[in-house]
$ cat final03.txt   # compact mmCIF, N, CA and C atoms
# COMPACT_ATOMS: atom_id res chain seq x y z
N MET C 10 0.80 -1.17 0.00
CA MET C 10 0.00 0.00 0.00
C MET C 10 0.85 1.25 0.00
N THR C 11 0.48 2.04 -0.88
CA THR C 11 1.20 3.31 -0.99
C THR C 11 0.38 4.41 -0.34
N PRO C 12 1.03 5.22 0.40
CA PRO C 12 0.28 6.32 1.04
C PRO C 12 -0.20 7.32 -0.02
N ARG C 13 -1.38 7.75 0.20
CA ARG C 13 -1.95 8.76 -0.72
C ARG C 13 -1.40 10.13 -0.40
N VAL C 14 -1.09 10.78 -1.40
CA VAL C 14 -0.60 12.15 -1.24
C VAL C 14 -1.78 13.09 -1.49
N ARG C 15 -2.03 13.87 -0.53
CA ARG C 15 -3.13 14.84 -0.68
C ARG C 15 -2.62 16.09 -1.35
N ARG C 16 -3.40 16.47 -2.29
CA ARG C 16 -3.06 17.73 -2.95
C ARG C 16 -3.83 18.87 -2.31
N ARG C 17 -3.13 19.89 -2.10
CA ARG C 17 -3.80 21.08 -1.58
C ARG C 17 -4.25 21.95 -2.73
N ARG C 18 -5.45 22.40 -2.59
CA ARG C 18 -5.92 23.36 -3.59
C ARG C 18 -5.41 24.73 -3.24
N ARG C 19 -5.17 25.44 -4.24
CA ARG C 19 -4.71 26.80 -4.00
C ARG C 19 -5.95 27.70 -3.86
N GLU C 20 -6.15 28.19 -2.67
CA GLU C 20 -7.30 29.04 -2.41
C GLU C 20 -6.88 30.45 -1.99
N ARG C 21 -5.71 30.81 -2.33
CA ARG C 21 -5.23 32.13 -1.95
C ARG C 21 -6.07 33.21 -2.61
N GLY C 22 -6.39 34.25 -1.81
CA GLY C 22 -7.10 35.40 -2.36
C GLY C 22 -8.60 35.25 -2.44
N SER C 23 -9.15 34.11 -2.13
CA SER C 23 -10.60 33.96 -2.27
C SER C 23 -11.37 34.67 -1.17
N ALA C 24 -10.74 35.00 -0.06
CA ALA C 24 -11.43 35.71 1.03
C ALA C 24 -11.45 37.22 0.80
N ILE C 25 -10.59 37.73 -0.03
CA ILE C 25 -10.50 39.17 -0.22
C ILE C 25 -11.80 39.77 -0.79
N PRO C 26 -12.42 39.21 -1.82
CA PRO C 26 -13.69 39.80 -2.29
C PRO C 26 -14.79 39.74 -1.22
N LEU C 27 -14.80 38.68 -0.44
CA LEU C 27 -15.80 38.57 0.62
C LEU C 27 -15.58 39.65 1.68
N ILE C 28 -14.35 39.85 2.09
CA ILE C 28 -14.04 40.88 3.09
C ILE C 28 -14.36 42.26 2.54
N LEU C 29 -14.00 42.53 1.29
CA LEU C 29 -14.32 43.83 0.68
C LEU C 29 -15.83 44.05 0.61
N GLY C 30 -16.57 43.01 0.32
CA GLY C 30 -18.03 43.12 0.28
C GLY C 30 -18.61 43.46 1.65
N PHE C 31 -18.09 42.82 2.70
CA PHE C 31 -18.56 43.12 4.05
C PHE C 31 -18.17 44.53 4.49
N VAL C 32 -16.98 44.97 4.11
CA VAL C 32 -16.54 46.33 4.45
C VAL C 32 -17.44 47.35 3.75
N LEU C 33 -17.76 47.11 2.49
CA LEU C 33 -18.66 48.01 1.75
C LEU C 33 -20.05 48.03 2.38
N LEU C 34 -20.56 46.88 2.75
CA LEU C 34 -21.86 46.80 3.40
C LEU C 34 -21.85 47.54 4.74
N LEU C 35 -20.78 47.37 5.51
CA LEU C 35 -20.66 48.06 6.79
C LEU C 35 -20.59 49.57 6.59
N ALA C 36 -19.84 50.02 5.59
CA ALA C 36 -19.72 51.46 5.32
C ALA C 36 -21.07 52.04 4.91
N MET C 37 -21.82 51.32 4.09
CA MET C 37 -23.14 51.80 3.67
C MET C 37 -24.09 51.86 4.87
N THR C 38 -24.03 50.87 5.74
CA THR C 38 -24.88 50.85 6.93
C THR C 38 -24.56 52.02 7.85
N VAL C 39 -23.28 52.29 8.06
CA VAL C 39 -22.87 53.43 8.89
C VAL C 39 -23.34 54.73 8.24
N GLY C 40 -23.20 54.87 6.93
CA GLY C 40 -23.64 56.08 6.24
C GLY C 40 -25.13 56.31 6.38
N VAL C 41 -25.92 55.26 6.23
CA VAL C 41 -27.37 55.39 6.37
C VAL C 41 -27.72 55.76 7.81
N ALA C 42 -27.05 55.15 8.79
CA ALA C 42 -27.33 55.46 10.20
C ALA C 42 -26.98 56.91 10.54
N VAL C 43 -25.86 57.38 10.03
CA VAL C 43 -25.44 58.77 10.30
C VAL C 43 -26.43 59.74 9.65
N ASP C 44 -26.81 59.50 8.40
CA ASP C 44 -27.76 60.38 7.71
C ASP C 44 -29.14 60.35 8.38
N ALA C 45 -29.59 59.17 8.78
CA ALA C 45 -30.90 59.06 9.45
C ALA C 45 -30.88 59.81 10.77
N SER C 46 -29.78 59.71 11.51
CA SER C 46 -29.66 60.43 12.78
C SER C 46 -29.66 61.94 12.55
N ALA C 47 -28.93 62.39 11.54
CA ALA C 47 -28.89 63.82 11.24
C ALA C 47 -30.27 64.34 10.84
N ALA C 48 -30.99 63.57 10.02
CA ALA C 48 -32.34 63.97 9.60
C ALA C 48 -33.28 64.03 10.80
N PHE C 49 -33.18 63.04 11.68
CA PHE C 49 -34.04 63.00 12.87
C PHE C 49 -33.76 64.21 13.77
N LEU C 50 -32.48 64.50 14.01
CA LEU C 50 -32.14 65.62 14.88
C LEU C 50 -32.57 66.96 14.28
N GLN C 51 -32.44 67.10 12.96
CA GLN C 51 -32.87 68.35 12.33
C GLN C 51 -34.38 68.49 12.40
N ARG C 52 -35.10 67.39 12.22
CA ARG C 52 -36.55 67.44 12.32
C ARG C 52 -36.99 67.76 13.74
N GLN C 53 -36.31 67.21 14.74
CA GLN C 53 -36.64 67.52 16.13
C GLN C 53 -36.38 68.99 16.44
N GLY C 54 -35.28 69.53 15.91
CA GLY C 54 -35.00 70.95 16.10
C GLY C 54 -36.05 71.83 15.47
N LEU C 55 -36.48 71.46 14.26
CA LEU C 55 -37.55 72.22 13.60
C LEU C 55 -38.86 72.11 14.37
N ALA C 56 -39.15 70.94 14.92
CA ALA C 56 -40.38 70.74 15.69
C ALA C 56 -40.38 71.62 16.94
N SER C 57 -39.25 71.70 17.63
CA SER C 57 -39.15 72.56 18.81
C SER C 57 -39.33 74.03 18.43
N LEU C 58 -38.71 74.41 17.32
CA LEU C 58 -38.84 75.78 16.84
C LEU C 58 -40.28 76.10 16.44
N ALA C 59 -40.94 75.16 15.77
CA ALA C 59 -42.34 75.36 15.37
C ALA C 59 -43.25 75.46 16.60
N ASP C 60 -42.99 74.63 17.62
CA ASP C 60 -43.79 74.70 18.85
C ASP C 60 -43.68 76.07 19.49
N ALA C 61 -42.44 76.54 19.65
CA ALA C 61 -42.23 77.83 20.29
C ALA C 61 -42.83 78.97 19.46
N ALA C 62 -42.69 78.89 18.13
CA ALA C 62 -43.23 79.94 17.27
C ALA C 62 -44.75 79.97 17.32
N ALA C 63 -45.38 78.79 17.33
CA ALA C 63 -46.84 78.73 17.41
C ALA C 63 -47.33 79.29 18.74
N LEU C 64 -46.67 78.96 19.83
CA LEU C 64 -47.06 79.49 21.13
C LEU C 64 -46.89 81.01 21.18
N HIS C 65 -45.79 81.48 20.63
CA HIS C 65 -45.55 82.92 20.62
C HIS C 65 -46.59 83.63 19.75
N GLY C 66 -46.90 83.06 18.60
CA GLY C 66 -47.91 83.65 17.72
C GLY C 66 -49.28 83.68 18.36
N ALA C 67 -49.65 82.59 19.04
CA ALA C 67 -50.95 82.54 19.71
C ALA C 67 -51.00 83.55 20.85
N ASP C 68 -49.89 83.67 21.57
CA ASP C 68 -49.83 84.62 22.67
C ASP C 68 -49.93 86.05 22.15
N ALA C 69 -49.23 86.34 21.06
CA ALA C 69 -49.28 87.69 20.49
C ALA C 69 -50.64 87.98 19.87
N GLY C 70 -51.23 86.98 19.23
CA GLY C 70 -52.50 87.19 18.53
C GLY C 70 -53.70 87.31 19.45
N ALA C 71 -53.62 86.70 20.62
CA ALA C 71 -54.72 86.79 21.58
C ALA C 71 -54.45 87.99 22.48
N GLN C 72 -55.05 89.09 22.13
CA GLN C 72 -54.78 90.32 22.87
C GLN C 72 -55.26 90.23 24.31
N GLY C 73 -56.38 89.56 24.51
CA GLY C 73 -56.88 89.35 25.87
C GLY C 73 -57.57 90.54 26.48
N ARG C 74 -57.83 91.58 25.72
CA ARG C 74 -58.50 92.76 26.30
C ARG C 74 -59.90 92.43 26.79
N GLU C 75 -60.52 91.44 26.15
CA GLU C 75 -61.89 91.08 26.54
C GLU C 75 -61.94 90.59 27.98
N LEU C 76 -60.86 90.00 28.45
CA LEU C 76 -60.84 89.50 29.82
C LEU C 76 -60.94 90.64 30.83
N TYR C 77 -60.46 91.80 30.45
CA TYR C 77 -60.44 92.93 31.38
C TYR C 77 -61.62 93.87 31.19
N THR C 78 -62.16 93.95 29.98
CA THR C 78 -63.23 94.92 29.72
C THR C 78 -64.62 94.30 29.82
N THR C 79 -64.76 93.08 29.36
CA THR C 79 -66.05 92.39 29.43
C THR C 79 -65.80 90.94 29.84
N ARG C 80 -66.87 90.27 30.15
CA ARG C 80 -66.74 88.85 30.50
C ARG C 80 -66.83 88.04 29.22
N LEU C 81 -66.00 87.02 29.12
CA LEU C 81 -66.01 86.17 27.94
C LEU C 81 -67.21 85.23 27.93
N GLY C 82 -67.55 84.73 29.09
CA GLY C 82 -68.61 83.72 29.13
C GLY C 82 -68.14 82.47 28.39
N ARG C 83 -68.92 82.01 27.45
CA ARG C 83 -68.55 80.83 26.68
C ARG C 83 -67.90 81.18 25.33
N ARG C 84 -67.75 82.46 25.07
CA ARG C 84 -67.12 82.86 23.82
C ARG C 84 -65.62 82.61 23.90
N PRO C 85 -65.02 82.25 22.75
CA PRO C 85 -63.55 82.09 22.75
C PRO C 85 -62.87 83.45 22.76
N LEU C 86 -61.65 83.46 23.18
CA LEU C 86 -60.84 84.66 23.17
C LEU C 86 -60.57 85.04 21.71
N ALA C 87 -60.74 86.30 21.37
CA ALA C 87 -60.54 86.75 19.99
C ALA C 87 -59.07 86.62 19.61
N LEU C 88 -58.83 86.15 18.39
CA LEU C 88 -57.47 85.94 17.90
C LEU C 88 -57.28 86.78 16.65
N SER C 89 -56.33 87.68 16.68
CA SER C 89 -56.02 88.52 15.52
C SER C 89 -55.03 87.77 14.63
N ALA C 90 -55.45 87.42 13.43
CA ALA C 90 -54.63 86.62 12.53
C ALA C 90 -53.35 87.36 12.12
N ASP C 91 -53.48 88.64 11.80
CA ASP C 91 -52.30 89.40 11.37
C ASP C 91 -51.28 89.54 12.49
N VAL C 92 -51.78 89.78 13.70
CA VAL C 92 -50.86 89.93 14.84
C VAL C 92 -50.21 88.58 15.16
N ALA C 93 -50.96 87.49 15.02
CA ALA C 93 -50.40 86.16 15.26
C ALA C 93 -49.30 85.84 14.25
N ARG C 94 -49.54 86.15 12.97
CA ARG C 94 -48.52 85.92 11.94
C ARG C 94 -47.26 86.75 12.20
N THR C 95 -47.48 87.99 12.58
CA THR C 95 -46.35 88.86 12.89
C THR C 95 -45.59 88.34 14.11
N GLY C 96 -46.32 87.84 15.10
CA GLY C 96 -45.69 87.28 16.29
C GLY C 96 -44.82 86.08 15.96
N VAL C 97 -45.30 85.21 15.06
CA VAL C 97 -44.52 84.04 14.65
C VAL C 97 -43.25 84.49 13.94
N ARG C 98 -43.39 85.41 13.01
CA ARG C 98 -42.22 85.86 12.24
C ARG C 98 -41.22 86.61 13.13
N ASP C 99 -41.73 87.39 14.09
CA ASP C 99 -40.84 88.08 15.02
C ASP C 99 -40.06 87.08 15.87
N TYR C 100 -40.75 86.06 16.36
CA TYR C 100 -40.07 85.06 17.18
C TYR C 100 -38.97 84.35 16.38
N LEU C 101 -39.29 83.97 15.14
CA LEU C 101 -38.30 83.28 14.32
C LEU C 101 -37.10 84.18 14.01
N ALA C 102 -37.35 85.47 13.82
CA ALA C 102 -36.24 86.40 13.56
C ALA C 102 -35.38 86.57 14.81
N ARG C 103 -36.01 86.71 15.97
CA ARG C 103 -35.25 86.89 17.22
C ARG C 103 -34.47 85.65 17.61
N SER C 104 -35.00 84.48 17.29
CA SER C 104 -34.34 83.23 17.70
C SER C 104 -33.20 82.84 16.75
N GLY C 105 -33.05 83.54 15.64
CA GLY C 105 -31.98 83.22 14.70
C GLY C 105 -32.26 81.96 13.90
N ALA C 106 -33.53 81.69 13.63
CA ALA C 106 -33.92 80.46 12.93
C ALA C 106 -33.34 80.39 11.53
N SER C 107 -33.26 81.52 10.83
CA SER C 107 -32.75 81.46 9.46
C SER C 107 -31.24 81.26 9.42
N ARG C 108 -30.53 81.60 10.50
CA ARG C 108 -29.10 81.28 10.57
C ARG C 108 -28.91 79.78 10.85
N GLU C 109 -29.74 79.26 11.73
CA GLU C 109 -29.65 77.84 12.08
C GLU C 109 -30.11 76.94 10.93
N TYR C 110 -31.15 77.37 10.22
CA TYR C 110 -31.71 76.60 9.12
C TYR C 110 -31.77 77.48 7.87
N PRO C 111 -30.66 77.60 7.12
CA PRO C 111 -30.68 78.42 5.90
C PRO C 111 -31.70 77.86 4.90
N GLY C 112 -32.44 78.74 4.28
CA GLY C 112 -33.46 78.32 3.33
C GLY C 112 -34.78 77.95 4.00
N LEU C 113 -34.97 78.38 5.24
CA LEU C 113 -36.18 78.06 6.00
C LEU C 113 -37.40 78.69 5.35
N ARG C 114 -38.44 77.88 5.20
CA ARG C 114 -39.73 78.37 4.70
C ARG C 114 -40.73 78.32 5.84
N VAL C 115 -41.52 79.36 5.96
CA VAL C 115 -42.49 79.47 7.05
C VAL C 115 -43.88 79.62 6.48
N ALA C 116 -44.82 78.82 6.97
CA ALA C 116 -46.23 78.97 6.62
C ALA C 116 -47.02 79.09 7.91
N VAL C 117 -47.80 80.14 8.03
CA VAL C 117 -48.60 80.37 9.23
C VAL C 117 -50.06 80.43 8.82
N ARG C 118 -50.87 79.60 9.44
CA ARG C 118 -52.32 79.63 9.21
C ARG C 118 -53.01 79.89 10.54
N VAL C 119 -54.03 80.73 10.50
CA VAL C 119 -54.85 80.98 11.68
C VAL C 119 -56.24 80.48 11.36
N ILE C 120 -56.68 79.46 12.10
CA ILE C 120 -57.98 78.85 11.88
C ILE C 120 -58.77 78.99 13.18
N ASP C 121 -59.80 79.82 13.14
CA ASP C 121 -60.62 80.11 14.33
C ASP C 121 -59.72 80.56 15.47
N ASP C 122 -59.56 79.72 16.49
CA ASP C 122 -58.75 80.09 17.65
C ASP C 122 -57.46 79.26 17.73
N GLU C 123 -56.93 78.88 16.57
CA GLU C 123 -55.73 78.05 16.52
C GLU C 123 -54.70 78.66 15.57
N VAL C 124 -53.45 78.67 15.99
CA VAL C 124 -52.34 79.14 15.16
C VAL C 124 -51.54 77.91 14.75
N VAL C 125 -51.42 77.67 13.44
CA VAL C 125 -50.69 76.52 12.92
C VAL C 125 -49.44 77.03 12.20
N VAL C 126 -48.29 76.51 12.60
CA VAL C 126 -47.01 76.92 12.02
C VAL C 126 -46.37 75.70 11.36
N GLU C 127 -46.01 75.86 10.08
CA GLU C 127 -45.28 74.79 9.38
C GLU C 127 -43.94 75.35 8.92
N LEU C 128 -42.87 74.68 9.36
CA LEU C 128 -41.52 75.07 8.98
C LEU C 128 -40.92 74.00 8.08
N THR C 129 -40.28 74.42 7.02
CA THR C 129 -39.62 73.51 6.09
C THR C 129 -38.23 74.05 5.79
N ALA C 130 -37.23 73.15 5.85
CA ALA C 130 -35.85 73.57 5.61
C ALA C 130 -35.14 72.50 4.80
N PRO C 131 -34.11 72.91 4.05
CA PRO C 131 -33.31 71.91 3.34
C PRO C 131 -32.61 71.00 4.34
N LEU C 132 -32.56 69.74 4.01
CA LEU C 132 -31.92 68.74 4.87
C LEU C 132 -30.45 68.66 4.52
N ASP C 133 -29.61 68.90 5.50
CA ASP C 133 -28.17 68.88 5.30
C ASP C 133 -27.64 67.52 5.77
N LEU C 134 -27.44 66.60 4.82
CA LEU C 134 -26.96 65.26 5.16
C LEU C 134 -25.44 65.25 5.19
N PRO C 135 -24.84 64.70 6.26
CA PRO C 135 -23.39 64.68 6.35
C PRO C 135 -22.73 63.78 5.31
N ILE C 136 -23.39 62.69 4.95
CA ILE C 136 -22.83 61.75 3.98
C ILE C 136 -23.79 61.66 2.79
N PRO C 137 -23.37 62.15 1.62
CA PRO C 137 -24.27 62.08 0.46
C PRO C 137 -24.51 60.63 0.05
N VAL C 138 -25.76 60.32 -0.21
CA VAL C 138 -26.15 58.97 -0.58
C VAL C 138 -26.46 58.95 -2.07
N PRO C 139 -25.77 58.07 -2.82
CA PRO C 139 -26.08 57.98 -4.25
C PRO C 139 -27.53 57.52 -4.46
N GLY C 140 -28.20 58.19 -5.37
CA GLY C 140 -29.58 57.83 -5.67
C GLY C 140 -30.60 58.55 -4.81
N ALA C 141 -30.15 59.27 -3.79
CA ALA C 141 -31.07 60.01 -2.93
C ALA C 141 -31.47 61.31 -3.64
N PRO C 142 -32.57 61.94 -3.22
CA PRO C 142 -32.95 63.22 -3.83
C PRO C 142 -31.82 64.23 -3.72
N SER C 143 -31.70 65.08 -4.72
CA SER C 143 -30.59 66.03 -4.74
C SER C 143 -30.77 67.15 -3.71
N ALA C 144 -31.99 67.51 -3.40
CA ALA C 144 -32.26 68.57 -2.43
C ALA C 144 -33.37 68.14 -1.48
N PRO C 145 -33.07 67.21 -0.56
CA PRO C 145 -34.13 66.76 0.36
C PRO C 145 -34.50 67.87 1.34
N ARG C 146 -35.73 67.88 1.78
CA ARG C 146 -36.22 68.87 2.74
C ARG C 146 -36.85 68.14 3.91
N VAL C 147 -36.83 68.78 5.04
CA VAL C 147 -37.47 68.24 6.24
C VAL C 147 -38.43 69.30 6.75
N SER C 148 -39.55 68.86 7.32
CA SER C 148 -40.52 69.85 7.79
C SER C 148 -41.11 69.41 9.14
N ALA C 149 -41.67 70.40 9.81
CA ALA C 149 -42.32 70.16 11.10
C ALA C 149 -43.52 71.11 11.19
N THR C 150 -44.59 70.61 11.78
CA THR C 150 -45.80 71.39 11.94
C THR C 150 -46.20 71.39 13.41
N SER C 151 -46.63 72.54 13.88
CA SER C 151 -47.08 72.64 15.27
C SER C 151 -48.24 73.63 15.32
N SER C 152 -49.04 73.49 16.36
CA SER C 152 -50.16 74.41 16.51
C SER C 152 -50.33 74.78 17.97
N ALA C 153 -50.92 75.93 18.19
CA ALA C 153 -51.24 76.40 19.53
C ALA C 153 -52.68 76.88 19.53
N LEU C 154 -53.40 76.49 20.53
CA LEU C 154 -54.82 76.81 20.64
C LEU C 154 -54.99 77.93 21.67
N VAL C 155 -55.78 78.91 21.32
CA VAL C 155 -56.08 80.00 22.23
C VAL C 155 -57.40 79.66 22.92
N ASP C 156 -57.29 79.30 24.19
CA ASP C 156 -58.48 78.92 24.94
C ASP C 156 -58.25 79.34 26.40
N PRO C 157 -59.06 80.24 26.92
CA PRO C 157 -58.82 80.73 28.28
C PRO C 157 -59.10 79.68 29.36
N GLU C 158 -59.71 78.59 29.00
CA GLU C 158 -60.04 77.58 30.02
C GLU C 158 -59.05 76.48 30.04

$ encode --input "final03.txt" --output "structure tokens"
Amino acid sequence: MTPRVRRRRRERGSAIPLILGFVLLLAMTVGVAVDASAAFLQRQGLASLADAAALHGADAGAQGRELYTTRLGRRPLALSADVARTGVRDYLARSGASREYPGLRVAVRVIDDEVVVELTAPLDLPIPVPGAPSAPRVSATSSALVDPE
């Protein structure tokens, strides 16, 4: 009996494409996580800004003179739409919102006794994603109700 000689196959380099594939997958996953976190944080910042602007607009728009001159009874507090809009824009100017969010768009609606503020800004992604929209935007909407009760 002659001993069998085992031949070794040459498998050099076969792990390199697999490792490169995993590194690429890991890099894409990190990029998506970083961009998603940045988008979430920017949206949260816009939401906080919209909340404060809506409250300021409602406070400015509700003059409240009726509370001192006559009794309201079941009537709602009167809300001046123009003063509420001006209050929102003044708050955003004082807070430096356009410096924090360049390209900020503001929409203010006054519906009965409610001030609705919608803020939209370009989304600044730290890592550009191929195939993503060229100019993504993020928005936040908030409202404040004027109700003395």

$ atom_distance --input "final03.txt" --atom1 "atom CA of C:Leu27" --atom2 "atom CA of C:Asp44"
25.9 Å

$ residues_around --input "final03.txt" --residues "C:Gly54" --least-positions-apart "6" --cutoff "12 Å" --atoms "only C-alpha atoms" --output "number ranges by chain"
C: 47-48, 60-61, 106, 109-110, 128-130, 132, 147-150

$ closest_residue --input "final03.txt" --among "C:Pro111, C:Gly96, C:Gly40, C:Gly105" --to "C:Leu64" --atoms "all atoms listed in the file"
C:Gly96

$ select_by_dssp --input "final03.txt" --residues "stretch 44-123 of chain C" --states "strand (DSSP E)" --output "VMD selection string"
chain C and resid 114 to 120 123

$ closest_residue --input "final03.txt" --among "C:Ser104, C:Thr95, C:Ser151, C:Thr38" --to "C:Leu55" --atoms "all atoms listed in the file"
C:Ser151

$ atom_distance --input "final03.txt" --atom1 "atom CA of C:Ala24" --atom2 "atom CA of C:Gly140"
29.4 Å

$ atom_distance --input "final03.txt" --atom1 "atom N of C:Pro145" --atom2 "atom N of C:Gly66"
28.5 Å

$ closest_residue --input "final03.txt" --among "C:Ala153, C:Ala93, C:Leu88, C:Val138" --to "C:Val41" --atoms "only N, CA and C atoms"
C:Val138

$ closest_residue --input "final03.txt" --among "C:Arg94, C:Ser89, C:Phe49, C:Ala56" --to "C:Arg118" --atoms "only C-alpha atoms"
C:Arg94

$ closest_residue --input "final03.txt" --among "C:Gln51, C:Asp156, C:Pro26, C:Val39" --to "C:Leu134" --atoms "only C-alpha atoms"
C:Gln51

$ axis_aligned_box --input "final03.txt" --around "stretch 48-57 of chain C" --padding-each-side "8 Å" --output "JSON"
{"center_x": -35.7, "center_y": 68.5, "center_z": 14.2, "size_x": 25.4, "size_y": 27.0, "size_z": 25.2}

$ closest_residue --input "final03.txt" --among "C:Leu50, C:Ala67, C:Ala141, C:Ile136" --to "C:Asp122" --atoms "all atoms listed in the file"
C:Ala67

$ residues_around --input "final03.txt" --residues "C:Ala62" --least-positions-apart "4" --cutoff "7 Å" --atoms "all atoms listed in the file" --output "JSON, numbers by chain"
{"C": [57, 58, 66, 67, 96, 97, 98, 100, 101, 126]}

$ select_by_dssp --input "final03.txt" --residues "stretch 24-135 of chain C" --states "helix (DSSP H, G or I)" --output "number ranges by chain"
C: 24-70, 74-78, 90-104, 106-109

$ decode --input "final03.txt" --residues "stretch 121-143 of chain C" --atoms "N, CA and C atoms" --output "CSV table (one decimal), in the first residue's frame"
chain,number,residue,atom,x,y,z
C,121,ASP,N,-59.8,79.8,13.1
C,121,ASP,CA,-60.6,80.1,14.3
C,121,ASP,C,-59.7,80.6,15.5
C,122,ASP,N,-59.6,79.7,16.5
C,122,ASP,CA,-58.7,80.1,17.7
C,122,ASP,C,-57.5,79.3,17.7
C,123,GLU,N,-56.9,78.9,16.6
C,123,GLU,CA,-55.7,78.0,16.5
C,123,GLU,C,-54.7,78.7,15.6
C,124,VAL,N,-53.4,78.7,16.0
C,124,VAL,CA,-52.3,79.1,15.2
C,124,VAL,C,-51.5,77.9,14.8
C,125,VAL,N,-51.4,77.7,13.4
C,125,VAL,CA,-50.7,76.5,12.9
C,125,VAL,C,-49.4,77.0,12.2
C,126,VAL,N,-48.3,76.5,12.6
C,126,VAL,CA,-47.0,76.9,12.0
C,126,VAL,C,-46.4,75.7,11.4
C,127,GLU,N,-46.0,75.9,10.1
C,127,GLU,CA,-45.3,74.8,9.4
C,127,GLU,C,-43.9,75.4,8.9
C,128,LEU,N,-42.9,74.7,9.4
C,128,LEU,CA,-41.5,75.1,9.0
C,128,LEU,C,-40.9,74.0,8.1
C,129,THR,N,-40.3,74.4,7.0
C,129,THR,CA,-39.6,73.5,6.1
C,129,THR,C,-38.2,74.0,5.8
C,130,ALA,N,-37.2,73.2,5.9
C,130,ALA,CA,-35.8,73.6,5.6
C,130,ALA,C,-35.1,72.5,4.8
C,131,PRO,N,-34.1,72.9,4.1
C,131,PRO,CA,-33.3,71.9,3.3
C,131,PRO,C,-32.6,71.0,4.3
C,132,LEU,N,-32.6,69.7,4.0
C,132,LEU,CA,-31.9,68.7,4.9
C,132,LEU,C,-30.4,68.7,4.5
C,133,ASP,N,-29.6,68.9,5.5
C,133,ASP,CA,-28.2,68.9,5.3
C,133,ASP,C,-27.6,67.5,5.8
C,134,LEU,N,-27.4,66.6,4.8
C,134,LEU,CA,-27.0,65.3,5.2
C,134,LEU,C,-25.4,65.2,5.2
C,135,PRO,N,-24.8,64.7,6.3
C,135,PRO,CA,-23.4,64.7,6.3
C,135,PRO,C,-22.7,63.8,5.3
C,136,ILE,N,-23.4,62.7,4.9
C,136,ILE,CA,-22.8,61.7,4.0
C,136,ILE,C,-23.8,61.7,2.8
C,137,PRO,N,-23.4,62.2,1.6
C,137,PRO,CA,-24.3,62.1,0.5
C,137,PRO,C,-24.5,60.6,0.0
C,138,VAL,N,-25.8,60.3,-0.2
C,138,VAL,CA,-26.2,59.0,-0.6
C,138,VAL,C,-26.5,58.9,-2.1
C,139,PRO,N,-25.8,58.1,-2.8
C,139,PRO,CA,-26.1,58.0,-4.3
C,139,PRO,C,-27.5,57.5,-4.5
C,140,GLY,N,-28.2,58.2,-5.4
C,140,GLY,CA,-29.6,57.8,-5.7
C,140,GLY,C,-30.6,58.5,-4.8
C,141,ALA,N,-30.1,59.3,-3.8
C,141,ALA,CA,-31.1,60.0,-2.9
C,141,ALA,C,-31.5,61.3,-3.6
C,142,PRO,N,-32.6,61.9,-3.2
C,142,PRO,CA,-33.0,63.2,-3.8
C,142,PRO,C,-31.8,64.2,-3.7
C,143,SER,N,-31.7,65.1,-4.7
C,143,SER,CA,-30.6,66.0,-4.7
C,143,SER,C,-30.8,67.1,-3.7
